[in-house]
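Trainee: What follows is the file work_17.txt, containing compact mmCIF, C-alpha atoms:
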```
# COMPACT_ATOMS: atom_id res chain seq x y z
CA MET A 1 -33.46 -1.63 19.55
CA GLY A 2 -30.16 -3.28 20.23
CA LEU A 3 -27.20 -1.47 18.80
CA THR A 4 -23.84 -3.03 18.14
CA PRO A 5 -20.96 -1.46 20.06
CA ALA A 6 -19.71 0.18 16.88
CA GLU A 7 -23.09 1.77 16.22
CA THR A 8 -23.31 3.01 19.80
CA ALA A 9 -19.86 4.51 19.47
CA LEU A 10 -20.88 6.19 16.24
CA LYS A 11 -23.88 7.72 17.95
CA GLN A 12 -21.87 8.92 20.92
CA ALA A 13 -18.89 10.20 18.99
CA PRO A 14 -18.54 13.96 18.78
CA ASP A 15 -20.15 15.23 15.64
CA SER A 16 -17.08 17.14 14.58
CA ALA A 17 -15.19 13.89 14.34
CA LEU A 18 -17.69 12.12 12.15
CA ARG A 19 -19.54 14.62 10.11
CA PRO A 20 -18.26 17.97 8.90
CA ALA A 21 -21.80 19.35 9.01
CA GLN A 22 -22.35 19.97 12.70
CA PRO A 23 -24.87 22.40 14.16
CA ALA A 24 -22.15 24.40 15.93
CA GLY A 25 -20.53 25.24 12.62
CA ARG A 26 -23.69 26.64 11.04
CA SER A 27 -23.53 30.26 10.21
CA VAL A 28 -26.08 32.98 10.68
CA VAL A 29 -27.34 32.37 7.17
CA SER A 30 -28.55 28.91 8.06
CA GLN A 31 -30.65 30.26 10.90
CA VAL A 32 -32.66 32.31 8.46
CA SER A 33 -35.31 30.08 6.96
CA PRO A 34 -34.60 29.34 3.30
CA ASN A 35 -36.51 31.75 1.13
CA TRP A 36 -37.67 31.56 -2.45
CA LEU A 37 -34.46 33.05 -3.80
CA THR A 38 -32.01 30.78 -2.00
CA THR A 39 -33.97 27.62 -2.75
CA ARG A 40 -34.14 28.56 -6.45
CA LEU A 41 -30.42 29.29 -6.41
CA ASP A 42 -29.77 25.98 -4.65
CA PHE A 43 -31.75 24.20 -7.31
CA LEU A 44 -29.78 25.85 -10.08
CA VAL A 45 -26.37 25.29 -8.51
CA ASN A 46 -27.11 21.70 -7.52
CA TRP A 47 -28.53 20.95 -10.94
CA ALA A 48 -25.30 22.16 -12.50
CA ARG A 49 -23.04 20.45 -10.01
CA SER A 50 -24.81 17.10 -9.98
CA ASN A 51 -24.80 16.90 -13.76
CA SER A 52 -21.14 17.71 -14.24
CA LEU A 53 -19.35 15.67 -11.61
CA TRP A 54 -15.81 15.15 -12.79
CA PRO A 55 -14.37 11.95 -11.34
CA MET A 56 -10.82 11.54 -10.15
CA PRO A 57 -10.15 7.82 -10.47
CA PHE A 58 -8.02 6.38 -7.69
CA GLY A 59 -7.87 2.83 -8.97
CA THR A 60 -5.77 0.45 -6.91
CA ALA A 61 -7.21 -2.98 -7.73
CA CYS A 62 -9.77 -5.01 -9.66
CA CYS A 63 -12.50 -2.44 -8.88
CA ALA A 64 -10.63 -0.15 -11.25
CA ILE A 65 -11.29 -2.64 -14.07
CA GLU A 66 -15.01 -2.36 -13.38
CA PHE A 67 -14.61 1.39 -13.19
CA MET A 68 -13.00 1.38 -16.62
CA ALA A 69 -15.90 -0.71 -17.92
CA THR A 70 -18.27 1.83 -16.42
CA ALA A 71 -16.49 4.63 -18.21
CA ALA A 72 -16.35 2.78 -21.52
CA GLY A 73 -18.97 2.60 -24.25
CA ARG A 74 -21.37 -0.05 -23.00
CA PHE A 75 -22.19 1.57 -19.68
CA ASP A 76 -21.02 5.06 -20.58
CA LEU A 77 -20.45 7.17 -17.48
CA SER A 78 -20.71 10.23 -19.71
CA ARG A 79 -24.49 9.90 -19.75
CA PHE A 80 -24.51 11.24 -16.19
CA GLY A 81 -22.31 14.24 -16.80
CA MET A 82 -19.03 12.54 -15.92
CA GLU A 83 -17.79 13.30 -19.38
CA ARG A 84 -14.28 14.15 -18.38
CA MET A 85 -11.97 12.03 -16.26
CA ALA A 86 -9.89 14.34 -14.14
CA PHE A 87 -6.51 12.75 -13.65
CA SER A 88 -5.44 15.75 -11.63
CA PRO A 89 -7.06 16.36 -8.26
CA ARG A 90 -7.10 20.08 -9.02
CA GLN A 91 -9.79 19.64 -11.66
CA ALA A 92 -11.80 16.92 -9.94
CA ASP A 93 -15.09 16.87 -8.06
CA VAL A 94 -15.45 13.23 -7.06
CA LEU A 95 -12.68 11.04 -5.75
CA ILE A 96 -13.56 7.45 -6.64
CA CYS A 97 -11.42 5.07 -4.62
CA ALA A 98 -11.72 1.87 -6.64
CA GLY A 99 -9.90 -0.86 -4.77
CA ARG A 100 -8.15 -1.64 -1.53
CA LEU A 101 -6.06 1.00 0.12
CA PRO A 102 -2.77 -0.14 1.65
CA PHE A 103 -1.40 1.83 4.59
CA LYS A 104 1.41 3.00 2.33
CA LEU A 105 -1.13 4.78 0.12
CA ALA A 106 -3.10 6.28 3.02
CA PRO A 107 -1.13 9.55 3.22
CA ILE A 108 -1.26 9.80 -0.57
CA ILE A 109 -5.05 9.54 -0.89
CA ARG A 110 -5.35 12.05 1.95
CA ARG A 111 -3.07 14.44 0.09
CA ILE A 112 -5.05 13.98 -3.12
CA TYR A 113 -8.26 14.64 -1.21
CA ASP A 114 -6.77 17.76 0.34
CA GLN A 115 -5.63 18.97 -3.08
CA MET A 116 -9.13 18.74 -4.54
CA PRO A 117 -10.97 22.07 -4.49
CA GLN A 118 -14.41 22.40 -2.96
CA PRO A 119 -17.02 21.26 -3.71
CA LYS A 120 -15.78 17.68 -3.53
CA TRP A 121 -17.22 14.27 -2.77
CA VAL A 122 -15.84 10.79 -2.28
CA ILE A 123 -17.17 7.45 -3.48
CA SER A 124 -15.78 4.36 -1.83
CA MET A 125 -16.08 1.68 -4.47
CA GLY A 126 -16.09 -1.96 -3.44
CA ALA A 127 -15.82 -3.97 -0.26
CA CYS A 128 -12.10 -3.32 0.27
CA ALA A 129 -12.26 0.45 0.02
CA SER A 130 -15.32 0.50 2.25
CA SER A 131 -14.23 -1.91 4.95
CA GLY A 132 -10.96 -3.60 4.12
CA GLY A 133 -12.93 -6.49 2.62
CA ILE A 134 -11.10 -9.78 2.60
CA PHE A 135 -7.83 -8.03 3.37
CA ASP A 136 -8.10 -8.01 7.14
CA ASN A 137 -4.32 -7.94 7.45
CA TYR A 138 -1.34 -5.87 8.51
CA ALA A 139 -1.00 -3.94 5.28
CA MET A 140 -4.50 -2.71 4.55
CA VAL A 141 -6.55 0.26 5.68
CA GLN A 142 -9.85 -1.05 7.09
CA GLY A 143 -12.12 1.33 5.22
CA ILE A 144 -10.97 4.57 3.61
CA ASP A 145 -13.38 6.49 5.86
CA THR A 146 -10.67 6.24 8.51
CA VAL A 147 -8.56 8.49 6.26
CA VAL A 148 -10.94 10.65 4.19
CA PRO A 149 -14.67 11.37 4.61
CA VAL A 150 -16.84 9.24 2.32
CA ASP A 151 -20.18 10.21 0.78
CA VAL A 152 -21.30 7.01 -0.94
CA TYR A 153 -20.23 3.42 -0.31
CA VAL A 154 -20.71 1.01 -3.20
CA PRO A 155 -20.77 -2.63 -2.05
CA GLY A 156 -19.53 -5.49 -4.17
CA CYS A 157 -16.37 -7.44 -4.85
CA PRO A 158 -15.97 -5.82 -7.27
CA PRO A 159 -19.26 -4.01 -7.90
CA ARG A 160 -20.67 -4.40 -11.38
CA PRO A 161 -20.79 -1.21 -13.46
CA GLU A 162 -24.50 -0.99 -12.70
CA GLY A 163 -23.62 -0.90 -9.02
CA LEU A 164 -21.20 1.95 -9.48
CA LEU A 165 -23.71 3.81 -11.65
CA TYR A 166 -26.30 3.40 -8.90
CA GLY A 167 -23.79 4.79 -6.39
CA ILE A 168 -23.15 7.74 -8.68
CA LEU A 169 -26.88 8.37 -9.04
CA LEU A 170 -27.16 8.28 -5.24
CA LEU A 171 -24.38 10.83 -5.04
CA GLN A 172 -26.19 13.05 -7.53
CA LYS A 173 -29.28 12.77 -5.35
CA LYS A 174 -27.22 13.80 -2.36
CA VAL A 175 -25.76 16.75 -4.23
CA ARG A 176 -29.27 17.90 -5.21
CA GLY A 177 -30.22 17.91 -1.54
CA GLU A 178 -27.44 20.31 -0.52
CA THR A 179 -28.08 23.93 0.27
CA LEU A 180 -25.84 26.94 0.04
CA ALA A 181 -27.29 28.08 3.35
CA ASP A 182 -25.44 25.32 5.16
CA ARG A 183 -21.86 26.43 4.82
CA SER A 184 -20.56 23.72 7.09
CA ILE A 185 -20.92 21.18 4.25
CA ARG A 186 -18.04 22.83 2.43
CA GLU A 187 -15.77 23.35 5.41
CA GLU A 188 -12.30 21.85 5.19
CA HIS A 189 -11.19 19.64 8.06
CA PRO A 190 -7.47 19.12 7.53
CA VAL A 191 -5.75 16.40 9.52
CA ALA A 192 -2.46 17.39 11.09
CA PRO A 193 0.45 14.92 10.71
CA GLY A 194 0.37 12.38 13.51
CA SER A 195 -3.31 12.93 14.27
CA LEU A 196 -6.41 11.08 13.13
CA ARG A 197 -9.57 12.07 11.28
CA ILE A 198 -11.87 10.16 13.61
CA PRO A 199 -11.22 9.09 17.23
CA ALA A 200 -8.77 6.23 17.69
CA ARG A 201 -11.24 4.05 19.59
CA LEU A 202 -13.67 4.38 16.69
CA ILE A 203 -11.08 3.20 14.20
CA ASP A 204 -10.30 0.23 16.44
CA GLU A 205 -13.96 -0.58 16.84
CA LEU A 206 -14.80 -0.30 13.16
CA SER A 207 -11.77 -2.42 12.25
CA GLU A 208 -12.75 -5.36 14.43
CA PRO A 209 -13.00 -8.68 12.58
CA PHE A 210 -16.46 -9.35 11.23
CA GLY A 211 -18.22 -11.65 8.78
CA ASN A 212 -15.81 -14.23 7.47
CA SER A 213 -12.67 -12.29 8.23
CA ILE A 214 -10.19 -14.16 10.35
CA HIS A 215 -10.35 -14.04 14.12
CA GLN A 216 -6.89 -13.43 15.40
CA THR A 217 -5.45 -11.59 18.30
CA ARG A 218 -3.33 -8.57 17.49
CA SER A 219 -0.31 -9.70 19.46
CA ALA A 220 1.35 -13.03 18.97
CA MET B 1 18.53 -35.21 -10.65
CA ASN B 2 20.28 -32.25 -12.17
CA PRO B 3 23.94 -33.19 -12.91
CA SER B 4 25.00 -29.79 -11.55
CA VAL B 5 24.34 -31.12 -8.04
CA GLU B 6 27.06 -33.76 -8.40
CA ALA B 7 29.38 -31.18 -9.92
CA LEU B 8 28.76 -28.92 -6.94
CA ARG B 9 29.50 -31.77 -4.56
CA ARG B 10 32.80 -32.49 -6.29
CA GLU B 11 33.79 -28.83 -6.14
CA PHE B 12 32.56 -27.84 -2.67
CA GLY B 13 32.52 -31.17 -0.80
CA ASP B 14 31.09 -30.88 2.69
CA ALA B 15 29.49 -27.52 2.02
CA ILE B 16 26.85 -29.25 -0.09
CA GLY B 17 24.08 -30.84 1.94
CA VAL B 18 21.17 -33.02 0.93
CA ALA B 19 19.76 -32.81 -2.56
CA PHE B 20 16.49 -34.08 -3.93
CA THR B 21 14.05 -33.52 -6.74
CA SER B 22 10.64 -31.96 -6.32
CA CYS B 23 8.18 -31.40 -9.15
CA GLY B 24 10.95 -31.99 -11.63
CA GLN B 25 13.22 -29.35 -10.13
CA SER B 26 16.41 -30.22 -8.32
CA ILE B 27 16.87 -28.74 -4.87
CA VAL B 28 20.27 -28.61 -3.24
CA TYR B 29 21.15 -27.37 0.24
CA VAL B 30 24.36 -25.39 0.53
CA ASP B 31 26.17 -24.26 3.66
CA ARG B 32 25.16 -20.69 4.50
CA HIS B 33 28.77 -19.46 4.47
CA ARG B 34 29.55 -20.94 1.06
CA VAL B 35 26.35 -20.10 -0.77
CA ARG B 36 27.75 -17.06 -2.58
CA ASP B 37 30.83 -19.02 -3.68
CA ALA B 38 28.66 -21.85 -4.91
CA LEU B 39 26.34 -19.54 -6.82
CA GLY B 40 29.31 -17.66 -8.30
CA TRP B 41 30.81 -20.96 -9.37
CA LEU B 42 27.51 -22.06 -10.92
CA LYS B 43 27.33 -18.80 -12.78
CA VAL B 44 30.77 -18.67 -14.39
CA THR B 45 31.84 -22.30 -14.76
CA PRO B 46 31.60 -23.53 -18.36
CA GLY B 47 29.13 -26.36 -18.55
CA GLN B 48 27.13 -24.87 -15.70
CA SER B 49 26.60 -21.25 -16.80
CA TYR B 50 23.59 -20.53 -14.62
CA ASP B 51 23.57 -16.94 -15.82
CA TYR B 52 20.06 -15.91 -14.82
CA LEU B 53 18.83 -15.43 -11.26
CA VAL B 54 15.11 -16.16 -11.34
CA ASP B 55 14.29 -15.38 -7.73
CA VAL B 56 15.59 -14.94 -4.23
CA THR B 57 13.10 -15.67 -1.52
CA ALA B 58 12.86 -17.25 1.91
CA VAL B 59 10.74 -19.83 3.67
CA GLU B 60 9.87 -20.15 7.32
CA TYR B 61 8.18 -23.37 8.32
CA ARG B 62 5.47 -23.79 10.95
CA ASP B 63 7.75 -26.08 12.93
CA PRO B 64 9.58 -23.55 15.15
CA GLU B 65 12.62 -25.84 15.34
CA ARG B 66 13.21 -25.76 11.59
CA PRO B 67 15.62 -23.12 10.32
CA ILE B 68 14.59 -20.38 7.94
CA GLU B 69 15.62 -21.15 4.38
CA VAL B 70 16.86 -18.66 1.84
CA VAL B 71 16.01 -19.92 -1.63
CA TYR B 72 17.83 -19.04 -4.83
CA ILE B 73 16.40 -20.17 -8.14
CA VAL B 74 18.96 -19.97 -10.93
CA ARG B 75 18.53 -20.75 -14.59
CA SER B 76 20.87 -21.35 -17.44
CA LEU B 77 19.29 -19.63 -20.40
CA ALA B 78 21.58 -21.34 -22.91
CA ARG B 79 21.23 -24.86 -21.46
CA ARG B 80 17.59 -24.47 -20.42
CA ALA B 81 18.37 -25.91 -17.01
CA GLU B 82 17.08 -24.76 -13.67
CA LEU B 83 18.37 -25.34 -10.16
CA ARG B 84 17.06 -24.42 -6.74
CA VAL B 85 19.74 -23.64 -4.17
CA LYS B 86 18.80 -23.37 -0.52
CA ALA B 87 20.68 -22.14 2.53
CA GLU B 88 19.51 -22.76 6.06
CA LEU B 89 19.67 -20.03 8.70
CA ALA B 90 19.24 -21.31 12.26
CA LYS B 91 16.89 -19.16 14.30
CA ASP B 92 19.15 -18.95 17.34
CA GLU B 93 21.86 -17.28 15.28
CA PRO B 94 21.78 -13.87 13.65
CA LEU B 95 19.83 -14.12 10.37
CA GLU B 96 22.68 -13.13 8.07
CA ILE B 97 23.82 -14.32 4.70
CA ASP B 98 26.07 -13.00 1.96
CA SER B 99 24.48 -10.85 -0.68
CA VAL B 100 24.66 -12.01 -4.29
CA VAL B 101 24.20 -8.54 -5.75
CA SER B 102 27.86 -8.66 -6.81
CA LEU B 103 26.94 -11.66 -9.02
CA TRP B 104 23.53 -10.57 -10.27
CA ARG B 105 22.56 -6.91 -10.13
CA GLY B 106 18.94 -8.03 -10.22
CA ALA B 107 19.27 -9.54 -6.76
CA ASP B 108 19.17 -6.02 -5.31
CA TRP B 109 15.42 -5.63 -4.92
CA LEU B 110 14.82 -9.36 -4.38
CA GLU B 111 17.10 -9.32 -1.35
CA ARG B 112 15.53 -6.11 -0.13
CA GLU B 113 12.14 -7.81 -0.24
CA VAL B 114 13.44 -10.79 1.73
CA TYR B 115 14.94 -8.38 4.24
CA ASP B 116 11.68 -6.46 4.45
CA MET B 117 9.46 -9.50 4.91
CA PHE B 118 11.72 -11.85 6.91
CA GLY B 119 14.35 -9.63 8.53
CA ILE B 120 17.25 -11.50 6.97
CA THR B 121 20.33 -9.30 6.65
CA PHE B 122 22.32 -9.59 3.45
CA ARG B 123 25.96 -8.76 4.03
CA ASP B 124 27.55 -6.41 1.48
CA HIS B 125 24.21 -5.41 0.02
CA PRO B 126 24.65 -1.90 -1.44
CA ASP B 127 21.33 -0.48 -0.26
CA LEU B 128 19.57 -2.74 2.22
CA ARG B 129 16.33 -0.92 3.04
CA ARG B 130 12.72 -1.95 3.26
CA ILE B 131 11.12 -2.09 -0.16
CA LEU B 132 7.41 -2.93 0.31
CA MET B 133 6.70 -1.54 3.75
CA TRP B 134 7.67 2.05 4.39
CA GLU B 135 11.02 2.91 5.94
CA THR B 136 9.68 3.77 9.38
CA TYR B 137 7.54 0.62 9.64
CA ALA B 138 8.06 -0.55 13.22
CA GLU B 139 5.90 -3.65 13.60
CA GLY B 140 8.48 -6.17 12.51
CA TYR B 141 8.76 -8.56 9.58
CA PRO B 142 5.34 -9.52 8.20
CA LEU B 143 6.06 -12.94 6.70
CA ARG B 144 7.59 -14.37 9.87
CA LYS B 145 5.46 -16.99 11.54
CA ASP B 146 5.41 -15.10 14.85
CA PHE B 147 3.94 -12.04 13.13
CA PRO B 148 0.18 -11.74 13.72
CA LEU B 149 -1.73 -11.37 10.47
CA ARG B 150 -3.32 -8.08 11.49
CA GLY B 151 -0.04 -6.59 12.65
CA ARG B 152 1.17 -5.82 16.15
CA PHE B 153 -0.26 -2.35 16.71
CA SER B 154 -3.89 -1.38 17.06
CA ARG B 155 -5.64 -0.31 13.87
CA ALA B 156 -5.80 3.28 15.07
CA GLU B 157 -2.06 3.32 15.74
CA GLN B 158 -1.40 1.76 12.33
CA VAL B 159 -3.45 4.49 10.64
CA ARG B 160 -1.75 7.17 12.69
CA GLN B 161 1.74 5.94 11.82
CA ALA B 162 0.85 5.48 8.17
CA MET B 163 -0.59 8.98 7.97
CA SER B 164 2.51 10.54 9.50
CA ALA B 165 4.77 8.90 6.91
CA SER B 166 6.13 11.34 4.38
CA THR B 167 4.97 10.57 0.87
CA GLU B 168 8.33 11.64 -0.47
CA ALA B 169 10.19 9.29 1.84
CA GLN B 170 9.26 6.19 -0.15
CA TYR B 171 12.03 6.71 -2.65
CA SER B 172 15.76 6.83 -2.41
CA LEU B 173 17.60 9.61 -4.15
CA GLU B 174 18.89 7.04 -6.60
CA GLU B 175 15.41 5.89 -7.46
CA LEU B 176 14.37 9.44 -8.14
CA SER B 177 17.30 9.68 -10.58
CA ILE B 178 18.27 12.99 -9.10
CA TYR B 179 21.12 11.75 -6.98
CA GLU B 180 23.68 12.94 -9.50
CA ALA B 181 21.82 16.19 -9.99
CA TYR B 182 21.59 16.91 -6.28
CA HIS B 183 23.58 20.13 -6.49
CA ASP B 184 21.38 21.43 -9.28
CA LEU B 185 18.21 20.96 -7.25
CA PRO B 186 16.46 23.98 -5.78
CA MET B 187 17.26 24.53 -2.13
CA ASP B 188 13.80 23.70 -0.84
CA MET B 189 13.82 20.36 -2.64
CA ARG B 190 17.20 19.52 -1.18
CA GLU B 191 15.90 20.29 2.28
CA ARG B 192 12.78 18.25 1.68
CA LEU B 193 14.86 15.25 0.66
CA ALA B 194 17.20 15.64 3.60
CA ARG B 195 14.22 15.85 5.95
CA GLY B 196 12.83 12.56 4.66
CA ALA B 197 11.90 9.97 7.24
CA ARG B 198 13.89 7.21 5.60
CA GLY B 199 16.82 7.37 7.97
CA ALA B 200 20.37 7.53 6.68
CA ILE B 201 20.62 9.52 3.50
CA PRO B 202 23.94 9.19 1.68
CA ASP B 203 26.07 12.29 1.38
CA PRO B 204 25.56 13.90 -1.99
CA PRO B 205 28.42 13.47 -4.43
CA VAL B 206 30.99 16.25 -4.47
CA PRO B 207 31.09 18.04 -7.83
CA ASP B 208 34.32 17.80 -9.78
CA ASP B 209 35.02 21.52 -9.80
CA GLU B 210 35.27 21.74 -5.99
```
Is it possible to give me this structure as structure tokens?
Mentor:
Amino acid sequence: MGLTPAETALKQAPDSALRPAQPAGRSVVSQVSPNWLTTRLDFLVNWARSNSLWPMPFGTACCAIEFMATAAGRFDLSRFGMERMAFSPRQADVLICAGRLPFKLAPIIRRIYDQMPQPKWVISMGACASSGGIFDNYAMVQGIDTVVPVDVYVPGCPPRPEGLLYGILLLQKKVRGETLADRSIREEHPVAPGSLRIPARLIDELSEPFGNSIHQTRSA
Amino acid sequence: MNPSVEALRREFGDAIGVAFTSCGQSIVYVDRHRVRDALGWLKVTPGQSYDYLVDVTAVEYRDPERPIEVVYIVRSLARRAELRVKAELAKDEPLEIDSVVSLWRGADWLEREVYDMFGITFRDHPDLRRILMWETYAEGYPLRKDFPLRGRFSRAEQVRQAMSASTEAQYSLEELSIYEAYHDLPMDMRERLARGARGAIPDPPVPDDE
């Protein structure tokens, strides 16, 4: 099948750059086949974790309005165990980036992500957080996955509360599939100042104009 | 036409250029070197009393020959009158104009925004720094017509530069309201502020007892 250049680059990119969970990082434990005890323990831990995800709202735009609606009475995020909004990264499990991320906020969301204790997950809510959306301009990060790793992307401009709920349910599904045997899932991959989370050519490739974004050269 | 335009012409003569009305608002062009005098006169003269500065902004037209315009919108709260004053800055000369912060304190951030977006220098501005983009932003002035919409650097370079910006460097000591309290700050915080990437940091005030 024909792959776009970006997809080819994704396939060829070193695993360490894209996905924290790489085979090289697996410990001895993961080489032992999961036994009855560890799978039962996984089930218990994942059941607890997936049903008490505490969100850290990082609302920067109109998506945050939909996020508020999701949290309020009609849609009621609390039904899924997100009873408590954590407005401090230290007590949060899920970073929900609701809205576009300007370059000026990029180091701040990275710091917030780094401050969150493991286990932690990230939901990229809306077109702008996921890809830059309509803001294909000088000021906007083209997808927060160039700055922090993302677990679930929720499409929409902005997504309706149902959309966000579906994304959260997908995240819960993902959490239930994790295993304690794979320690690489919980490894921290800090980014040193002046370096990048994923290779530079990947960022360039993923940030190319697409869809109805404007086609402009980068230099005047 | 706003009668203030004729009054300006009587007072400043040749320094006042063309004037016309657009959408019910009078627009008057003033010589770039006299614009602060004219605005000061409009502010204090009885019968004019344009005491409120609504906005300071700038316009660059697509025609590369046309000068950049700095636009001042002033309003007289008592008389309920509004006037738009424009000054033209030719592109082959340095983009400089007098600051009106001495007239309206509120012009401080407005002029900083114009400086940030257009690269127009305001003489005698107390604290002319970028306000929207971060201090170390090196790609130029985003609202200029020769600025490409996606910026000058590659996306990867933009992310790299953004990520190496210090999150503390966005604020001046004054904005943090700790300028006066500098000597009471813990040593590590003082060092962190002094290390900030925002270029020139004013010397802390000397305490009275020294």
Trainee: Would you give me, as a VMD selection string, the residues of chain A that come within 7 Å of chain B, using only C-alpha atoms?
Mentor: chain A and resid 103 to 104 106 to 108 136 to 138 193 to 196 200 203 to 204 207 218 to 220
Trainee: With C-alpha atoms retained, write the just-selected residues as a short mmCIF file (atom, residue, chain, number, x, y, z; two decimals), in the frame of the given file.
Mentor:
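Contents of out-v8.cif, freshly written:
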```cif
data_model
loop_
_atom_site.label_atom_id
_atom_site.label_comp_id
_atom_site.auth_asym_id
_atom_site.auth_seq_id
_atom_site.Cartn_x
_atom_site.Cartn_y
_atom_site.Cartn_z
CA PHE A 103 -1.40 1.83 4.59
CA LYS A 104 1.41 3.00 2.33
CA ALA A 106 -3.10 6.28 3.02
CA PRO A 107 -1.13 9.55 3.22
CA ILE A 108 -1.26 9.80 -0.57
CA ASP A 136 -8.10 -8.01 7.14
CA ASN A 137 -4.32 -7.94 7.45
CA TYR A 138 -1.34 -5.87 8.51
CA PRO A 193 0.45 14.92 10.71
CA GLY A 194 0.37 12.38 13.51
CA SER A 195 -3.31 12.93 14.27
CA LEU A 196 -6.41 11.08 13.13
CA ALA A 200 -8.77 6.23 17.69
CA ILE A 203 -11.08 3.20 14.20
CA ASP A 204 -10.30 0.23 16.44
CA SER A 207 -11.77 -2.42 12.25
CA ARG A 218 -3.33 -8.57 17.49
CA SER A 219 -0.31 -9.70 19.46
CA ALA A 220 1.35 -13.03 18.97
#
```
Trainee: Could you state the separation of atom CA of His33 of chain B and atom CA of Arg105 of chain B in Å, given to one decimal place?
Mentor: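 Interatomic distance, atom CA of His33 of chain B to atom CA of Arg105 of chain B: 20.2 Å.
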Trainee: When you look at Gln115 of chain A with a cut-off of 8 Å (counting all atoms listed in the file), what residues show up, excluding the ones that are within fewer than 2 positions of it in the same chain? I need them as number ranges by chain.
Mentor: A: 89-90, 111-113, 117
Trainee: Every residue with an atom at most 8 Å from (13.7, -39.4, -7.9) (file coordinates; all atoms listed in the file) is what I'm after, so could you write them as a PyMOL selection string?
Mentor: chain B and resi 1+20-21
Trainee: Identify which of the residues B:Leu128, B:Asp55, B:Glu93, B:Lys86 lies closest to Leu110 of chain B, counting only C-alpha atoms when measuring atom-to-atom distances.
Mentor: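 Between B:Leu128, B:Asp55, B:Glu93, B:Lys86, the residue approaching Leu110 of chain B most closely is B:Asp55.
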Trainee: Residues near Ser131 of chain A, anyone? I mean within 12 Å using only C-alpha atoms, not counting same-chain ones fewer than 2 positions away, as a ChimeraX atom specification.
Mentor: /A:99-101,124-129,133-137,140-147,150,153-157,203,205-211,213
Trainee: May I have the residues at most 10 Å from (19.8, -27.0, -17.1) in the file's coordinates, counting all atoms listed in the file, as a PDB file with C-alpha atoms, in the frame of the given file?
Mentor:
```
ATOM      1  CA  ASN B   2      20.280 -32.250 -12.170  1.00  0.00           C
ATOM      2  CA  PRO B   3      23.940 -33.190 -12.910  1.00  0.00           C
ATOM      3  CA  SER B   4      25.000 -29.790 -11.550  1.00  0.00           C
ATOM      4  CA  GLN B  25      13.220 -29.350 -10.130  1.00  0.00           C
ATOM      5  CA  SER B  26      16.410 -30.220  -8.320  1.00  0.00           C
ATOM      6  CA  GLY B  47      29.130 -26.360 -18.550  1.00  0.00           C
ATOM      7  CA  GLN B  48      27.130 -24.870 -15.700  1.00  0.00           C
ATOM      8  CA  SER B  49      26.600 -21.250 -16.800  1.00  0.00           C
ATOM      9  CA  TYR B  50      23.590 -20.530 -14.620  1.00  0.00           C
ATOM     10  CA  VAL B  74      18.960 -19.970 -10.930  1.00  0.00           C
ATOM     11  CA  ARG B  75      18.530 -20.750 -14.590  1.00  0.00           C
ATOM     12  CA  SER B  76      20.870 -21.350 -17.440  1.00  0.00           C
ATOM     13  CA  LEU B  77      19.290 -19.630 -20.400  1.00  0.00           C
ATOM     14  CA  ALA B  78      21.580 -21.340 -22.910  1.00  0.00           C
ATOM     15  CA  ARG B  79      21.230 -24.860 -21.460  1.00  0.00           C
ATOM     16  CA  ARG B  80      17.590 -24.470 -20.420  1.00  0.00           C
ATOM     17  CA  ALA B  81      18.370 -25.910 -17.010  1.00  0.00           C
ATOM     18  CA  GLU B  82      17.080 -24.760 -13.670  1.00  0.00           C
ATOM     19  CA  LEU B  83      18.370 -25.340 -10.160  1.00  0.00           C
TER      20      LEU B  83
END
```
Trainee: Would you compute the distance between atom CA of Phe67 of chain A and atom CA of Cys97 of chain A? Give it in Å to one decimal.
Mentor: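 Result for atom CA of Phe67 of chain A versus atom CA of Cys97 of chain A: 9.9 Å, one decimal.
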Trainee: Atom CA of Val175 of chain A and atom CA of Phe80 of chain A, how far apart in Å?
Mentor: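 Rounded to one decimal, the two atoms are 13.2 Å apart.
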